[in-house]
$ cat model-v3.pdb   # PDB, C-alpha atoms and all ligand atoms
ATOM      1  CA  MET A   2     -62.942  48.419  41.253  1.00  0.00           C
ATOM      2  CA  ALA A   3     -60.971  47.071  44.175  1.00  0.00           C
ATOM      3  CA  ARG A   4     -57.225  47.218  43.664  1.00  0.00           C
ATOM      4  CA  ARG A   5     -55.770  44.212  45.373  1.00  0.00           C
ATOM      5  CA  VAL A   6     -52.261  44.712  44.079  1.00  0.00           C
ATOM      6  CA  CYS A   7     -50.502  47.935  44.822  1.00  0.00           C
ATOM      7  CA  ALA A   8     -47.670  49.543  42.966  1.00  0.00           C
ATOM      8  CA  GLY A   9     -44.852  48.753  45.386  1.00  0.00           C
ATOM      9  CA  LEU A  10     -43.181  51.043  47.832  1.00  0.00           C
ATOM     10  CA  GLN A  11     -40.393  52.624  45.855  1.00  0.00           C
ATOM     11  CA  GLY A  12     -38.954  55.508  47.776  1.00  0.00           C
ATOM     12  CA  VAL A  13     -40.217  53.937  50.961  1.00  0.00           C
ATOM     13  CA  ARG A  14     -37.409  55.348  53.047  1.00  0.00           C
ATOM     14  CA  VAL A  15     -38.438  58.940  52.599  1.00  0.00           C
ATOM     15  CA  LYS A  16     -39.084  60.668  55.892  1.00  0.00           C
ATOM     16  CA  THR A  17     -42.816  61.141  55.671  1.00  0.00           C
ATOM     17  CA  PHE A  18     -45.677  59.428  53.935  1.00  0.00           C
ATOM     18  CA  ARG A  19     -48.972  60.796  52.820  1.00  0.00           C
ATOM     19  CA  ALA A  20     -51.417  59.163  55.182  1.00  0.00           C
ATOM     20  CA  ASN A  21     -55.145  59.624  55.179  1.00  0.00           C
ATOM     21  CA  LEU A  22     -57.717  58.391  57.604  1.00  0.00           C
ATOM     22  CA  ILE A  23     -60.087  56.051  55.790  1.00  0.00           C
ATOM     23  CA  THR A  24     -62.412  55.185  58.622  1.00  0.00           C
ATOM     24  CA  VAL A  25     -62.738  54.277  62.272  1.00  0.00           C
ATOM     25  CA  ALA A  26     -64.556  50.952  62.515  1.00  0.00           C
ATOM     26  CA  PRO A  27     -65.940  49.859  65.898  1.00  0.00           C
ATOM     27  CA  VAL A  28     -67.735  46.869  64.351  1.00  0.00           C
ATOM     28  CA  LYS A  29     -67.143  44.546  61.413  1.00  0.00           C
ATOM     29  CA  ARG A  30     -69.837  46.037  59.221  1.00  0.00           C
ATOM     30  CA  ALA A  31     -68.008  49.355  59.383  1.00  0.00           C
ATOM     31  CA  PHE A  32     -64.806  47.927  57.854  1.00  0.00           C
ATOM     32  CA  PRO A  33     -63.996  49.637  54.556  1.00  0.00           C
ATOM     33  CA  ALA A  34     -64.430  47.742  51.309  1.00  0.00           C
ATOM     34  CA  PRO A  35     -61.324  45.623  50.694  1.00  0.00           C
ATOM     35  CA  GLY A  36     -58.899  47.324  48.340  1.00  0.00           C
ATOM     36  CA  LEU A  37     -55.149  47.632  48.688  1.00  0.00           C
ATOM     37  CA  PHE A  38     -53.088  45.199  50.715  1.00  0.00           C
ATOM     38  CA  GLU A  39     -53.342  45.809  54.428  1.00  0.00           C
ATOM     39  CA  ILE A  40     -50.752  45.809  57.209  1.00  0.00           C
ATOM     40  CA  ALA A  41     -52.170  45.555  60.699  1.00  0.00           C
ATOM     41  CA  VAL A  42     -50.492  46.841  63.839  1.00  0.00           C
ATOM     42  CA  VAL A  43     -51.414  45.281  67.150  1.00  0.00           C
ATOM     43  CA  GLY A  44     -50.073  45.466  70.680  1.00  0.00           C
ATOM     44  CA  ARG A  45     -50.833  45.763  74.338  1.00  0.00           C
ATOM     45  CA  SER A  46     -52.089  49.111  75.511  1.00  0.00           C
ATOM     46  CA  ASN A  47     -49.116  51.351  76.284  1.00  0.00           C
ATOM     47  CA  SER A  48     -46.769  49.197  74.173  1.00  0.00           C
ATOM     48  CA  GLY A  49     -45.998  52.246  72.058  1.00  0.00           C
ATOM     49  CA  LYS A  50     -48.321  51.476  69.152  1.00  0.00           C
ATOM     50  CA  SER A  51     -49.505  55.009  68.426  1.00  0.00           C
ATOM     51  CA  THR A  52     -45.980  56.312  68.722  1.00  0.00           C
ATOM     52  CA  LEU A  53     -44.649  53.626  66.387  1.00  0.00           C
ATOM     53  CA  ILE A  54     -47.288  54.370  63.770  1.00  0.00           C
ATOM     54  CA  ASN A  55     -46.485  58.068  63.921  1.00  0.00           C
ATOM     55  CA  THR A  56     -42.761  57.300  63.634  1.00  0.00           C
ATOM     56  CA  LEU A  57     -43.221  54.902  60.743  1.00  0.00           C
ATOM     57  CA  VAL A  58     -45.385  57.295  58.800  1.00  0.00           C
ATOM     58  CA  GLY A  59     -43.442  60.344  59.916  1.00  0.00           C
ATOM     59  CA  GLN A  60     -46.465  62.277  61.096  1.00  0.00           C
ATOM     60  CA  ARG A  61     -46.837  63.318  64.661  1.00  0.00           C
ATOM     61  CA  GLY A  62     -50.355  62.936  65.939  1.00  0.00           C
ATOM     62  CA  LEU A  63     -51.587  60.670  63.171  1.00  0.00           C
ATOM     63  CA  ALA A  64     -52.489  57.702  65.381  1.00  0.00           C
ATOM     64  CA  ARG A  65     -53.675  59.817  68.286  1.00  0.00           C
ATOM     65  CA  VAL A  66     -57.240  58.917  67.490  1.00  0.00           C
ATOM     66  CA  SER A  67     -56.588  55.355  68.595  1.00  0.00           C
ATOM     67  CA  GLY A  68     -54.575  56.254  71.656  1.00  0.00           C
ATOM     68  CA  ARG A  69     -57.214  56.979  74.236  1.00  0.00           C
ATOM     69  CA  PRO A  70     -57.137  54.096  76.687  1.00  0.00           C
ATOM     70  CA  GLY A  71     -60.443  52.343  77.082  1.00  0.00           C
ATOM     71  CA  LYS A  72     -62.210  54.740  74.783  1.00  0.00           C
ATOM     72  CA  THR A  73     -61.461  53.813  71.232  1.00  0.00           C
ATOM     73  CA  ARG A  74     -62.401  50.201  70.804  1.00  0.00           C
ATOM     74  CA  ALA A  75     -62.147  50.411  67.077  1.00  0.00           C
ATOM     75  CA  ILE A  76     -59.920  49.596  64.165  1.00  0.00           C
ATOM     76  CA  VAL A  77     -58.561  52.703  62.519  1.00  0.00           C
ATOM     77  CA  PHE A  78     -57.801  52.348  58.816  1.00  0.00           C
ATOM     78  CA  PHE A  79     -55.282  54.661  57.151  1.00  0.00           C
ATOM     79  CA  ASP A  80     -54.406  54.892  53.510  1.00  0.00           C
ATOM     80  CA  ILE A  81     -50.647  55.208  53.112  1.00  0.00           C
ATOM     81  CA  GLU A  82     -49.502  56.789  49.868  1.00  0.00           C
ATOM     82  CA  GLN A  83     -52.357  54.963  48.140  1.00  0.00           C
ATOM     83  CA  ARG A  84     -50.029  51.990  48.223  1.00  0.00           C
ATOM     84  CA  PHE A  85     -51.279  50.080  51.194  1.00  0.00           C
ATOM     85  CA  VAL A  86     -53.676  50.339  54.090  1.00  0.00           C
ATOM     86  CA  LEU A  87     -52.486  50.474  57.676  1.00  0.00           C
ATOM     87  CA  ALA A  88     -54.968  48.985  60.131  1.00  0.00           C
ATOM     88  CA  ASP A  89     -54.411  50.190  63.691  1.00  0.00           C
ATOM     89  CA  LEU A  90     -55.990  47.514  65.883  1.00  0.00           C
ATOM     90  CA  PRO A  91     -57.164  48.459  69.377  1.00  0.00           C
ATOM     91  CA  GLY A  92     -54.719  47.824  72.199  1.00  0.00           C
ATOM     92  CA  TYR A  93     -55.334  44.986  74.624  1.00  0.00           C
ATOM     93  CA  GLY A  94     -54.580  44.327  78.269  1.00  0.00           C
ATOM     94  CA  TYR A  95     -56.157  47.204  80.128  1.00  0.00           C
ATOM     95  CA  THR A  96     -55.871  46.022  83.700  1.00  0.00           C
ATOM     96  CA  ARG A  97     -59.188  47.545  84.653  1.00  0.00           C
ATOM     97  CA  GLY A  98     -61.028  46.674  81.475  1.00  0.00           C
ATOM     98  CA  PRO A  99     -64.310  44.898  82.196  1.00  0.00           C
ATOM     99  CA  MET A 100     -64.855  41.384  80.801  1.00  0.00           C
ATOM    100  CA  ARG A 101     -67.436  42.785  78.419  1.00  0.00           C
ATOM    101  CA  GLU A 102     -64.827  45.056  76.924  1.00  0.00           C
ATOM    102  CA  ARG A 103     -62.289  42.275  76.553  1.00  0.00           C
ATOM    103  CA  ALA A 104     -64.850  40.146  74.734  1.00  0.00           C
ATOM    104  CA  ALA A 105     -65.628  43.081  72.451  1.00  0.00           C
ATOM    105  CA  TRP A 106     -61.906  43.440  71.712  1.00  0.00           C
ATOM    106  CA  ARG A 107     -61.600  39.770  70.863  1.00  0.00           C
ATOM    107  CA  ASP A 108     -64.685  39.751  68.643  1.00  0.00           C
ATOM    108  CA  LEU A 109     -63.557  42.791  66.690  1.00  0.00           C
ATOM    109  CA  VAL A 110     -59.941  41.679  66.247  1.00  0.00           C
ATOM    110  CA  ASP A 111     -61.031  38.150  65.431  1.00  0.00           C
ATOM    111  CA  ALA A 112     -63.472  39.438  62.805  1.00  0.00           C
ATOM    112  CA  TYR A 113     -60.642  41.406  61.251  1.00  0.00           C
ATOM    113  CA  LEU A 114     -57.822  38.857  61.400  1.00  0.00           C
ATOM    114  CA  GLY A 115     -59.989  35.912  60.487  1.00  0.00           C
ATOM    115  CA  GLY A 116     -62.047  37.755  57.900  1.00  0.00           C
ATOM    116  CA  ASP A 117     -61.594  38.131  54.205  1.00  0.00           C
ATOM    117  CA  ARG A 118     -59.342  41.164  54.294  1.00  0.00           C
ATOM    118  CA  PRO A 119     -56.400  41.487  51.869  1.00  0.00           C
ATOM    119  CA  LEU A 120     -54.169  41.235  54.928  1.00  0.00           C
ATOM    120  CA  ALA A 121     -50.528  41.064  53.883  1.00  0.00           C
ATOM    121  CA  GLY A 122     -48.915  41.143  57.314  1.00  0.00           C
ATOM    122  CA  VAL A 123     -49.274  41.913  60.993  1.00  0.00           C
ATOM    123  CA  ILE A 124     -46.854  43.882  63.108  1.00  0.00           C
ATOM    124  CA  ALA A 125     -47.088  42.690  66.713  1.00  0.00           C
ATOM    125  CA  LEU A 126     -45.614  45.015  69.335  1.00  0.00           C
ATOM    126  CA  PHE A 127     -44.032  44.066  72.638  1.00  0.00           C
ATOM    127  CA  ASP A 128     -42.345  46.353  75.112  1.00  0.00           C
ATOM    128  CA  ILE A 129     -38.728  45.161  75.125  1.00  0.00           C
ATOM    129  CA  ARG A 130     -38.620  45.314  78.932  1.00  0.00           C
ATOM    130  CA  ARG A 131     -41.708  43.219  79.590  1.00  0.00           C
ATOM    131  CA  GLU A 132     -42.109  39.486  79.893  1.00  0.00           C
ATOM    132  CA  PRO A 133     -44.780  38.207  77.460  1.00  0.00           C
ATOM    133  CA  ASP A 134     -47.856  36.953  79.317  1.00  0.00           C
ATOM    134  CA  ASP A 135     -50.960  34.898  78.533  1.00  0.00           C
ATOM    135  CA  LEU A 136     -52.630  37.752  76.666  1.00  0.00           C
ATOM    136  CA  ASP A 137     -49.577  38.134  74.439  1.00  0.00           C
ATOM    137  CA  ARG A 138     -49.472  34.400  73.811  1.00  0.00           C
ATOM    138  CA  ALA A 139     -53.198  34.391  73.024  1.00  0.00           C
ATOM    139  CA  LEU A 140     -52.590  37.041  70.389  1.00  0.00           C
ATOM    140  CA  ILE A 141     -49.725  35.083  68.824  1.00  0.00           C
ATOM    141  CA  GLY A 142     -51.968  32.003  68.906  1.00  0.00           C
ATOM    142  CA  MET A 143     -54.583  33.923  66.938  1.00  0.00           C
ATOM    143  CA  LEU A 144     -52.047  35.061  64.322  1.00  0.00           C
ATOM    144  CA  THR A 145     -50.691  31.540  63.946  1.00  0.00           C
ATOM    145  CA  ARG A 146     -54.135  29.957  63.770  1.00  0.00           C
ATOM    146  CA  TYR A 147     -55.086  32.212  60.894  1.00  0.00           C
ATOM    147  CA  GLY A 148     -51.805  31.483  59.134  1.00  0.00           C
ATOM    148  CA  LEU A 149     -50.890  35.164  58.990  1.00  0.00           C
ATOM    149  CA  ALA A 150     -47.447  36.531  58.231  1.00  0.00           C
ATOM    150  CA  TRP A 151     -46.485  38.485  61.331  1.00  0.00           C
ATOM    151  CA  ARG A 152     -43.417  40.260  62.589  1.00  0.00           C
ATOM    152  CA  ALA A 153     -42.624  40.942  66.209  1.00  0.00           C
ATOM    153  CA  VAL A 154     -41.328  44.370  67.161  1.00  0.00           C
ATOM    154  CA  TRP A 155     -39.595  45.051  70.473  1.00  0.00           C
ATOM    155  CA  THR A 156     -40.578  48.617  71.292  1.00  0.00           C
ATOM    156  CA  LYS A 157     -38.884  51.270  73.463  1.00  0.00           C
ATOM    157  CA  ALA A 158     -35.440  49.757  72.837  1.00  0.00           C
ATOM    158  CA  ASP A 159     -33.891  53.081  73.899  1.00  0.00           C
ATOM    159  CA  LYS A 160     -34.936  52.279  77.453  1.00  0.00           C
ATOM    160  CA  LEU A 161     -32.246  49.592  77.594  1.00  0.00           C
ATOM    161  CA  LYS A 162     -28.500  50.002  77.349  1.00  0.00           C
ATOM    162  CA  LYS A 163     -27.370  49.479  73.769  1.00  0.00           C
ATOM    163  CA  ALA A 164     -25.513  46.264  74.576  1.00  0.00           C
ATOM    164  CA  GLU A 165     -28.583  44.771  76.276  1.00  0.00           C
ATOM    165  CA  VAL A 166     -30.851  45.190  73.244  1.00  0.00           C
ATOM    166  CA  PRO A 167     -29.774  42.120  71.200  1.00  0.00           C
ATOM    167  CA  LYS A 168     -29.866  39.924  74.280  1.00  0.00           C
ATOM    168  CA  ALA A 169     -33.356  41.088  75.229  1.00  0.00           C
ATOM    169  CA  GLY A 170     -34.450  40.535  71.628  1.00  0.00           C
ATOM    170  CA  ARG A 171     -33.175  36.956  71.597  1.00  0.00           C
ATOM    171  CA  ARG A 172     -34.883  36.234  74.888  1.00  0.00           C
ATOM    172  CA  LEU A 173     -38.191  37.535  73.537  1.00  0.00           C
ATOM    173  CA  ASP A 174     -37.699  35.619  70.287  1.00  0.00           C
ATOM    174  CA  ARG A 175     -37.541  32.442  72.353  1.00  0.00           C
ATOM    175  CA  ALA A 176     -40.391  33.436  74.658  1.00  0.00           C
ATOM    176  CA  ILE A 177     -42.889  33.990  71.874  1.00  0.00           C
ATOM    177  CA  ARG A 178     -41.270  31.672  69.343  1.00  0.00           C
ATOM    178  CA  THR A 179     -40.910  34.065  66.481  1.00  0.00           C
ATOM    179  CA  VAL A 180     -40.323  32.671  63.010  1.00  0.00           C
ATOM    180  CA  GLU A 181     -38.289  35.699  61.936  1.00  0.00           C
ATOM    181  CA  PRO A 182     -36.346  37.496  64.676  1.00  0.00           C
ATOM    182  CA  GLY A 183     -38.186  40.491  66.086  1.00  0.00           C
ATOM    183  CA  VAL A 184     -37.154  44.028  65.175  1.00  0.00           C
ATOM    184  CA  ALA A 185     -35.799  46.164  68.008  1.00  0.00           C
ATOM    185  CA  PHE A 186     -37.478  49.539  67.651  1.00  0.00           C
ATOM    186  CA  SER A 187     -37.274  52.960  69.195  1.00  0.00           C
ATOM    187  CA  SER A 188     -39.429  55.892  68.309  1.00  0.00           C
ATOM    188  CA  LYS A 189     -36.894  58.084  70.037  1.00  0.00           C
ATOM    189  CA  THR A 190     -33.831  57.076  68.015  1.00  0.00           C
ATOM    190  CA  ARG A 191     -35.733  55.598  65.026  1.00  0.00           C
ATOM    191  CA  LEU A 192     -33.869  52.352  65.524  1.00  0.00           C
ATOM    192  CA  GLY A 193     -35.582  49.651  63.482  1.00  0.00           C
ATOM    193  CA  ARG A 194     -37.687  51.992  61.366  1.00  0.00           C
ATOM    194  CA  ASP A 195     -35.943  51.144  58.101  1.00  0.00           C
ATOM    195  CA  ARG A 196     -36.009  47.416  58.806  1.00  0.00           C
ATOM    196  CA  LEU A 197     -39.684  47.526  59.527  1.00  0.00           C
ATOM    197  CA  LEU A 198     -40.420  49.577  56.425  1.00  0.00           C
ATOM    198  CA  GLU A 199     -38.428  47.060  54.421  1.00  0.00           C
ATOM    199  CA  TRP A 200     -40.519  44.238  55.831  1.00  0.00           C
ATOM    200  CA  ILE A 201     -43.722  46.092  54.976  1.00  0.00           C
ATOM    201  CA  GLU A 202     -42.380  46.773  51.501  1.00  0.00           C
ATOM    202  CA  GLY A 203     -41.764  43.066  50.991  1.00  0.00           C
ATOM    203  CA  ARG A 204     -45.252  42.187  52.180  1.00  0.00           C
ATOM    204  CA  VAL A 205     -47.206  44.710  50.107  1.00  0.00           C
ATOM    205  CA  ALA A 206     -45.171  44.479  46.908  1.00  0.00           C
ATOM    206  CA  PRO A 207     -47.103  43.119  43.954  1.00  0.00           C
ATOM    207  CA  ARG A 208     -47.232  39.337  44.040  1.00  0.00           C
ATOM    208  CA  GLN A 209     -46.207  37.116  41.148  1.00  0.00           C
ATOM    209  CA  THR A 210     -48.864  34.483  40.664  1.00  0.00           C
TER     210      THR A 210
HETATM  211  P1  LIG B 301     -50.073  52.779  72.864  1.00  0.00           P
HETATM  212  O1  LIG B 301     -51.043  52.780  74.019  1.00  0.00           O
HETATM  213  O2  LIG B 301     -49.605  51.383  72.561  1.00  0.00           O
HETATM  214  O3  LIG B 301     -50.562  53.486  71.643  1.00  0.00           O
HETATM  215  O4  LIG B 301     -48.759  53.516  73.392  1.00  0.00           O
HETATM  216  P2  LIG B 301     -48.246  55.004  73.134  1.00  0.00           P
HETATM  217  O5  LIG B 301     -47.713  55.156  71.759  1.00  0.00           O
HETATM  218  O6  LIG B 301     -49.289  55.974  73.578  1.00  0.00           O
HETATM  219  O7  LIG B 301     -46.973  55.031  74.117  1.00  0.00           O
HETATM  220  C1  LIG B 301     -47.102  54.774  75.494  1.00  0.00           C
HETATM  221  C2  LIG B 301     -46.003  55.519  76.242  1.00  0.00           C
HETATM  222  O8  LIG B 301     -44.731  55.004  75.877  1.00  0.00           O
HETATM  223  C3  LIG B 301     -45.962  57.006  75.933  1.00  0.00           C
HETATM  224  O9  LIG B 301     -45.648  57.676  77.107  1.00  0.00           O
HETATM  225  C4  LIG B 301     -44.853  57.125  74.903  1.00  0.00           C
HETATM  226  O10 LIG B 301     -44.227  58.380  74.936  1.00  0.00           O
HETATM  227  C5  LIG B 301     -43.901  56.035  75.355  1.00  0.00           C
HETATM  228  N1  LIG B 301     -43.123  55.485  74.223  1.00  0.00           N
HETATM  229  C6  LIG B 301     -43.621  54.976  73.087  1.00  0.00           C
HETATM  230  N2  LIG B 301     -42.624  54.579  72.257  1.00  0.00           N
HETATM  231  C7  LIG B 301     -41.469  54.851  72.891  1.00  0.00           C
HETATM  232  C8  LIG B 301     -40.078  54.674  72.561  1.00  0.00           C
HETATM  233  O11 LIG B 301     -39.695  54.154  71.504  1.00  0.00           O
HETATM  234  N3  LIG B 301     -39.168  55.080  73.495  1.00  0.00           N
HETATM  235  C9  LIG B 301     -39.533  55.621  74.686  1.00  0.00           C
HETATM  236  N4  LIG B 301     -38.574  55.974  75.530  1.00  0.00           N
HETATM  237  N5  LIG B 301     -40.822  55.818  75.019  1.00  0.00           N
HETATM  238  C10 LIG B 301     -41.782  55.442  74.150  1.00  0.00           C
END

$ encode --input "model-v3.pdb" --output "structure tokens" --more "lines below"
Ligand code: GDP
Amino acid sequence: MARRVCAGLQGVRVKTFRANLITVAPVKRAFPAPGLFEIAVVGRSNSGKSTLINTLVGQRGLARVSGRPGKTRAIVFFDIEQRFVLADLPGYGYTRGPMRERAAWRDLVDAYLGGDRPLAGVIALFDIRREPDDLDRALIGMLTRYGLAWRAVWTKADKLKKAEVPKAGRRLDRAIRTVEPGVAFSSKTRLGRDRLLEWIEGRVAPRQT
């Protein structure tokens, strides 16, 4: 029987989580049967998505499978502590990606985001040093259109001086019109990890109906 409500994330701030690969799905029909709440992670290629997933979960090399540019056009589903499912969406914005590949990306991500998944939230990554562009705005448009709860994350915050981080965050908040302020994140210093885990915890906690 599908378990749509998970048991909460008590102890979420432990250093590592038990994570297991469920499946790698290059097409919609390969998506796993809906079960636990899902949290999706999406971002431009090279935005630091694989590194963030590894940092969040506390396992080096976990998301490597999705980190081969242009190769893995698939959604990778991980079971985390049997409490929720992490869906690692393929990166977008390869400069040399052929049109065909971009269309395939859109079809797959659209099928996932607009499908009937138990999707509790989406983490959308942006390099803190980059200006959002049309592709980024198209992604946000998609999330908004589907009425999804999403949280922006400003990655590689350690690349800026400490004092510049809040300012860059506010600028990006305005540029992509976040509802909740984005979370400045660094896989190097672990800045933002706890805040992000807290957000996930709030999204996947059992719902009162
Ligand atoms: P992906 O293509 O979005 O999965 O990006 P990766 O996780 O492979 O990261 C792309 C590059 O950015 C790699 O060289 C990482 O080492 C680097 N990177 C990722 N996160 C951080 C971070 O928080 N700080 C710094 N300094 N570099 C990072």

$ closest_atom_pairs --input "model-v3.pdb" --of "chain A" --to "ligand LIG 301 (chain B)" --cutoff "10 Å" --atoms "only C-alpha atoms and all ligand atoms" --output "JSON lines"
{"residue": "A:Val42", "atom": "CA", "partner": "B:LIG301", "partner_atom": "O2", "distance": 9.9}
{"residue": "A:Val43", "atom": "CA", "partner": "B:LIG301", "partner_atom": "O2", "distance": 8.4}
{"residue": "A:Gly44", "atom": "CA", "partner": "B:LIG301", "partner_atom": "O2", "distance": 6.2}
{"residue": "A:Arg45", "atom": "CA", "partner": "B:LIG301", "partner_atom": "O2", "distance": 6.0}
{"residue": "A:Ser46", "atom": "CA", "partner": "B:LIG301", "partner_atom": "O1", "distance": 4.1}
{"residue": "A:Asn47", "atom": "CA", "partner": "B:LIG301", "partner_atom": "O1", "distance": 3.3}
{"residue": "A:Ser48", "atom": "CA", "partner": "B:LIG301", "partner_atom": "O2", "distance": 3.9}
{"residue": "A:Gly49", "atom": "CA", "partner": "B:LIG301", "partner_atom": "O4", "distance": 3.3}
{"residue": "A:Lys50", "atom": "CA", "partner": "B:LIG301", "partner_atom": "O2", "distance": 3.6}
{"residue": "A:Ser51", "atom": "CA", "partner": "B:LIG301", "partner_atom": "O3", "distance": 3.7}
{"residue": "A:Thr52", "atom": "CA", "partner": "B:LIG301", "partner_atom": "O5", "distance": 3.7}
{"residue": "A:Leu53", "atom": "CA", "partner": "B:LIG301", "partner_atom": "N2", "distance": 6.3}
{"residue": "A:Ile54", "atom": "CA", "partner": "B:LIG301", "partner_atom": "O5", "distance": 8.0}
{"residue": "A:Asn55", "atom": "CA", "partner": "B:LIG301", "partner_atom": "O5", "distance": 8.5}
{"residue": "A:Thr56", "atom": "CA", "partner": "B:LIG301", "partner_atom": "O11", "distance": 9.0}
{"residue": "A:Ala64", "atom": "CA", "partner": "B:LIG301", "partner_atom": "O3", "distance": 7.8}
{"residue": "A:Arg65", "atom": "CA", "partner": "B:LIG301", "partner_atom": "O3", "distance": 7.8}
{"residue": "A:Val66", "atom": "CA", "partner": "B:LIG301", "partner_atom": "O3", "distance": 9.6}
{"residue": "A:Ser67", "atom": "CA", "partner": "B:LIG301", "partner_atom": "O3", "distance": 7.0}
{"residue": "A:Gly68", "atom": "CA", "partner": "B:LIG301", "partner_atom": "O3", "distance": 4.9}
{"residue": "A:Arg69", "atom": "CA", "partner": "B:LIG301", "partner_atom": "O1", "distance": 7.5}
{"residue": "A:Pro70", "atom": "CA", "partner": "B:LIG301", "partner_atom": "O1", "distance": 6.8}
{"residue": "A:Gly71", "atom": "CA", "partner": "B:LIG301", "partner_atom": "O1", "distance": 9.9}
{"residue": "A:Asp89", "atom": "CA", "partner": "B:LIG301", "partner_atom": "O3", "distance": 9.4}
{"residue": "A:Leu90", "atom": "CA", "partner": "B:LIG301", "partner_atom": "O3", "distance": 9.9}
{"residue": "A:Pro91", "atom": "CA", "partner": "B:LIG301", "partner_atom": "O3", "distance": 8.6}
{"residue": "A:Gly92", "atom": "CA", "partner": "B:LIG301", "partner_atom": "O2", "distance": 6.2}
{"residue": "A:Tyr93", "atom": "CA", "partner": "B:LIG301", "partner_atom": "O2", "distance": 8.8}
{"residue": "A:Tyr95", "atom": "CA", "partner": "B:LIG301", "partner_atom": "O1", "distance": 9.7}
{"residue": "A:Leu126", "atom": "CA", "partner": "B:LIG301", "partner_atom": "O2", "distance": 8.2}
{"residue": "A:Phe127", "atom": "CA", "partner": "B:LIG301", "partner_atom": "O2", "distance": 9.2}
{"residue": "A:Asp128", "atom": "CA", "partner": "B:LIG301", "partner_atom": "N2", "distance": 8.7}
{"residue": "A:Ile129", "atom": "CA", "partner": "B:LIG301", "partner_atom": "O11", "distance": 9.7}
{"residue": "A:Trp155", "atom": "CA", "partner": "B:LIG301", "partner_atom": "O11", "distance": 9.2}
{"residue": "A:Thr156", "atom": "CA", "partner": "B:LIG301", "partner_atom": "O11", "distance": 5.6}
{"residue": "A:Lys157", "atom": "CA", "partner": "B:LIG301", "partner_atom": "O11", "distance": 3.6}
{"residue": "A:Ala158", "atom": "CA", "partner": "B:LIG301", "partner_atom": "O11", "distance": 6.3}
{"residue": "A:Asp159", "atom": "CA", "partner": "B:LIG301", "partner_atom": "N3", "distance": 5.7}
{"residue": "A:Lys160", "atom": "CA", "partner": "B:LIG301", "partner_atom": "N4", "distance": 5.5}
{"residue": "A:Leu161", "atom": "CA", "partner": "B:LIG301", "partner_atom": "N4", "distance": 9.2}
{"residue": "A:Ala185", "atom": "CA", "partner": "B:LIG301", "partner_atom": "O11", "distance": 9.6}
{"residue": "A:Phe186", "atom": "CA", "partner": "B:LIG301", "partner_atom": "O11", "distance": 6.4}
{"residue": "A:Ser187", "atom": "CA", "partner": "B:LIG301", "partner_atom": "O11", "distance": 3.6}
{"residue": "A:Ser188", "atom": "CA", "partner": "B:LIG301", "partner_atom": "O11", "distance": 3.6}
{"residue": "A:Lys189", "atom": "CA", "partner": "B:LIG301", "partner_atom": "O11", "distance": 5.0}
{"residue": "A:Thr190", "atom": "CA", "partner": "B:LIG301", "partner_atom": "O11", "distance": 7.4}
{"residue": "A:Arg191", "atom": "CA", "partner": "B:LIG301", "partner_atom": "O11", "distance": 7.7}
{"residue": "A:Leu192", "atom": "CA", "partner": "B:LIG301", "partner_atom": "O11", "distance": 8.5}

$ closest_residue --input "model-v3.pdb" --among "A:Val110, A:Ala153, A:Leu140, A:Leu87" --to "A:Arg175" --atoms "all atoms listed in the file"
A:Ala153

$ closest_residue --input "model-v3.pdb" --among "A:Asp117, A:Arg131, A:Gly148, A:Arg30" --to "A:Gly170" --atoms "only C-alpha atoms"
A:Arg131

$ closest_residue --input "model-v3.pdb" --among "A:Val25, A:Ile141, A:Met100, A:Ala20" --to "A:Leu57" --atoms "all atoms listed in the file"
A:Ala20

$ resolve_selection --input "model-v3.pdb" --expression "the PyMOL selection byres (((chain A and resi 109) around 9) and not hetatm)" --output "count of residues only"
18

$ atom_distance --input "model-v3.pdb" --atom1 "atom CA of A:Gln83" --atom2 "atom CA of A:Leu197"
18.6 Å

$ closest_residue --input "model-v3.pdb" --among "A:Leu144, A:Val184, A:Val58, A:Ala31" --to "A:Arg196" --atoms "all atoms listed in the file"
A:Val184

$ atom_distance --input "model-v3.pdb" --atom1 "atom CA of A:Leu37" --atom2 "atom CA of A:Phe85"
5.2 Å
